[in-house]
Amino acid sequence: MKTEFVIVTGISGAGKSCAVNVMEDIGYFCIDNMPPQLIPKFAEICEENDDISKVAIVTDIRGGTMFLNLNATIEELKKRGLDVKLLFVDANHHVVKQRYKETRRKHPLFDATNGDIDKAIDAEREIIEPLREIADYYIDTSLMSTSTLKENVLNIFLDTPSDSMTISCISFGFKYGVPNEADLVFDVRCLPNPYYIPELKEKSGLDKEVRDYVMSFESSQTLQTKLFDLIDFLIPQYLHEGKSQLVIAFGCTGGKHRSATFAENMCEHLSKNHLKARVLHRDVNKDKK
């Protein structure tokens, strides 16, 4: 059986360790902080071992100048016919800086930038940005809790054939920001809002009463039909170009009612079409008292 290799990289402080811990829990053989030059030999050893079918390797800026060869290493592995995917874990500048402040850990480029954390973060991003452009999977943890990050990793790697596309349907609230990882973003704030119905205000699109209310309007039904048609057209195009991950995001004001309804319905529609679709409600519990 062909060994599946996932190379995990990204911004320091974004959550690579958490992501790899989840992958280890679902059966990946995980190695942290491996210089790119050692990966081909390690991959050769793994392929000779029938007990290892899934491997996750973390390599990042901690490798110093050796890390600069990662792109060439990936190309070498692919030329050898290996099943290699790249996961890029990201977070914005402010969030990374705050995480380092809270943990009191030192950024890998802290000394090289004379102790200036802002310069360290900027320098790392400049070095690593080209890898983000070629990543098969991308997770931005800026607005994620640890549990949400774990759910994202599971959505991508749990029981997912290496040659298929994982489709994530995300609901979110615009007041909390648009998910950076989204490939397609649809604004459903134009639809009637259950928030103003007293008996539905504290419920969400996970509840049948809310979904029934949202979909009781002709405008909702028409929009959903058009979105289904659009996605049904786009998916074969993405598959043809070899896209590994598609993130479809639906946004309303708070991410609780209309967006959750549309994310649930889209996931159900895709699943009925035998596609590997999962749903994630990023903000549905944000305002719970």
# chains A, B, ... in the order shown; residues from 1 in each chain; ligands from 1
$ select_by_dssp --residues "stretch 51-289 of chain A" --states "strand (DSSP E or B)" --output "ChimeraX atom specification"
/A:54-58,83-90,137-140,166-173,184-187,245-252,277-281
$ residues_around --residues "stretch 131-136 of chain A" --least-positions-apart "3" --cutoff "12 Å" --atoms "only C-alpha atoms" --output "count of residues only"
48
$ closest_residue --among "A:Gly27, A:Pro108, A:Gly177, A:Gly81" --to "A:Gly64" --atoms "only C-alpha atoms"
A:Pro108
$ select_by_dssp --residues "stretch 105-283 of chain A" --states "helix (DSSP H, G or I)" --output "VMD selection string"
chain A and resid 117 to 134 146 to 157 174 to 176 194 to 196 208 to 214 218 to 240 258 to 272
$ residues_around --residues "A:His281" --least-positions-apart "5" --cutoff "7 Å" --atoms "only C-alpha atoms" --output "MDAnalysis selection string"
chainID A and resid 170:172 260
$ residues_around --residues "A:Met266" --least-positions-apart "2" --cutoff "12 Å" --atoms "only C-alpha atoms" --output "PyMOL selection string"
chain A and resi 167-171+186+223-232+247-250+259-264+268-273+275-280
$ closest_residue --among "A:His257, A:Arg104, A:Lys54, A:Arg80" --to "A:Leu200" --atoms "only C-alpha atoms"
A:His257
$ residues_around --residues "A:Asn21" --least-positions-apart "3" --cutoff "12 Å" --atoms "only C-alpha atoms" --output "list of chain:residue names"
A:Val8, A:Gly15, A:Lys16, A:Ser17, A:Cys18, A:Glu24, A:Asp25, A:Ile26, A:Gly27, A:Tyr28, A:Phe29, A:Cys30, A:Ile31, A:Asp32, A:Ala56, A:Ile57, A:Val58, A:Thr146, A:Leu149, A:Lys150, A:Val153, A:Leu154
$ closest_residue --among "A:Val284, A:Ala123, A:Val178, A:Cys252" --to "A:Ser12" --atoms "only C-alpha atoms"
A:Ala123
